[in-house]
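J.: Pasting a structure below so you can have a look.
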Amino acid sequence: MTIQKLNKKCCSLAHKLQQCKQGKRCKRHHGPLSETCQAGKLKICKLTGDRKECAKMAALGVLPGQEAELICSQGGSQCLLKIHGGTLSIDQNTSSNIIVETI
């Protein structure tokens with residue numbers, strides 16, 4: 001890959017992130033919950049992290065395939081996740097281990 005192509009891709013990614021921070025609608029997000037830019041419905045795709053972290057999330061009902069709603073995203077620091085009729089406050093370390101896809 002040439003430097004020009006790499007620079008173009010980086011600029012494109014920076015532009016998308018800037019749009020998210022400005023509140024514009026992201027088309028579709030697939031990645032860590034901590035990087036989700038806008039509140040709304042999402043699907044939990046995968047849990048990463050050690051066994052203890054995964055067991056804690058499973059006990060709370062956060063499992064792959066479940067649908068949830070991101071209520072409040074604080075730019076990666078903390079978020080509120082509504083799932084199974086309850087609301088969870090999730091810290092940055094935990095939210096970075098939850099891979100989601102917007103729906």
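In the structure tokens, chains take the letters A, B, ... in the order shown, each chain's residues start at 1, and ligands count up from 1 in the order shown.
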With the cut-off set at 10 Å and counting only C-alpha atoms, tabulate each residue of stretch 25-55 of chain A with an atom at most that distance from an atom of stretch 88-100 of chain A, showing the nearest atom pair and its distance in Å to one decimal, ordered by chain and increasing number, as JSON lines.
T.:
{"residue": "A:His29", "atom": "CA", "partner": "A:Val100", "partner_atom": "CA", "distance": 7.7}
{"residue": "A:His30", "atom": "CA", "partner": "A:Val100", "partner_atom": "CA", "distance": 5.7}
{"residue": "A:Gly31", "atom": "CA", "partner": "A:Ile99", "partner_atom": "CA", "distance": 5.1}
{"residue": "A:Pro32", "atom": "CA", "partner": "A:Ile99", "partner_atom": "CA", "distance": 4.3}
{"residue": "A:Leu33", "atom": "CA", "partner": "A:Ser95", "partner_atom": "CA", "distance": 5.1}
{"residue": "A:Ser34", "atom": "CA", "partner": "A:Ser95", "partner_atom": "CA", "distance": 5.0}
{"residue": "A:Glu35", "atom": "CA", "partner": "A:Ser96", "partner_atom": "CA", "distance": 7.7}
{"residue": "A:Thr36", "atom": "CA", "partner": "A:Val100", "partner_atom": "CA", "distance": 8.3}
{"residue": "A:Leu42", "atom": "CA", "partner": "A:Val100", "partner_atom": "CA", "distance": 6.4}
{"residue": "A:Lys43", "atom": "CA", "partner": "A:Val100", "partner_atom": "CA", "distance": 5.5}
{"residue": "A:Ile44", "atom": "CA", "partner": "A:Val100", "partner_atom": "CA", "distance": 4.5}
{"residue": "A:Cys45", "atom": "CA", "partner": "A:Val100", "partner_atom": "CA", "distance": 5.1}
{"residue": "A:Lys46", "atom": "CA", "partner": "A:Ile99", "partner_atom": "CA", "distance": 5.1}
{"residue": "A:Leu47", "atom": "CA", "partner": "A:Ile98", "partner_atom": "CA", "distance": 4.9}
{"residue": "A:Thr48", "atom": "CA", "partner": "A:Asn97", "partner_atom": "CA", "distance": 4.8}
{"residue": "A:Gly49", "atom": "CA", "partner": "A:Asn97", "partner_atom": "CA", "distance": 5.8}
{"residue": "A:Asp50", "atom": "CA", "partner": "A:Asn97", "partner_atom": "CA", "distance": 9.4}
{"residue": "A:Glu53", "atom": "CA", "partner": "A:Thr94", "partner_atom": "CA", "distance": 7.6}
{"residue": "A:Cys54", "atom": "CA", "partner": "A:Asn97", "partner_atom": "CA", "distance": 8.6}
J.: Can you spit out the residues from that selection as a compact mmCIF listing (two decimals), in the first residue's frame, using C-alpha atoms?
T.:
# COMPACT_ATOMS: atom_id res chain seq x y z
CA HIS A 29 -21.26 0.39 13.27
CA HIS A 30 -19.61 -2.95 13.93
CA GLY A 31 -17.08 -2.90 16.71
CA PRO A 32 -16.65 -2.34 20.44
CA LEU A 33 -19.52 -0.82 22.38
CA SER A 34 -17.14 1.85 23.66
CA GLU A 35 -16.71 3.16 20.09
CA THR A 36 -20.43 3.33 19.26
CA LEU A 42 -27.89 -2.76 18.58
CA LYS A 43 -27.13 -6.45 18.51
CA ILE A 44 -24.44 -8.03 20.65
CA CYS A 45 -22.15 -10.00 18.36
CA LYS A 46 -19.33 -11.22 20.59
CA LEU A 47 -17.83 -10.93 24.06
CA THR A 48 -14.07 -10.69 24.41
CA GLY A 49 -11.85 -10.57 27.46
CA ASP A 50 -10.94 -13.14 30.06
CA GLU A 53 -15.24 -10.78 32.40
CA CYS A 54 -17.32 -12.96 30.05
J.: Run DSSP on the backbone and tell me which residues of stretch 55-95 of chain A come out as strand (DSSP E); list them as a list in words.
T.: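 Strand (DSSP E) assignments inside stretch 55-95 of chain A correspond to Glu67, Ala68, Glu69, Leu70, Ile71, Cys72, Ser73, Gln78, Cys79, Leu80, Leu81, Lys82, Ile83, Gly86, Thr87, Leu88, Ser89, Ile90 and Asp91 of chain A.
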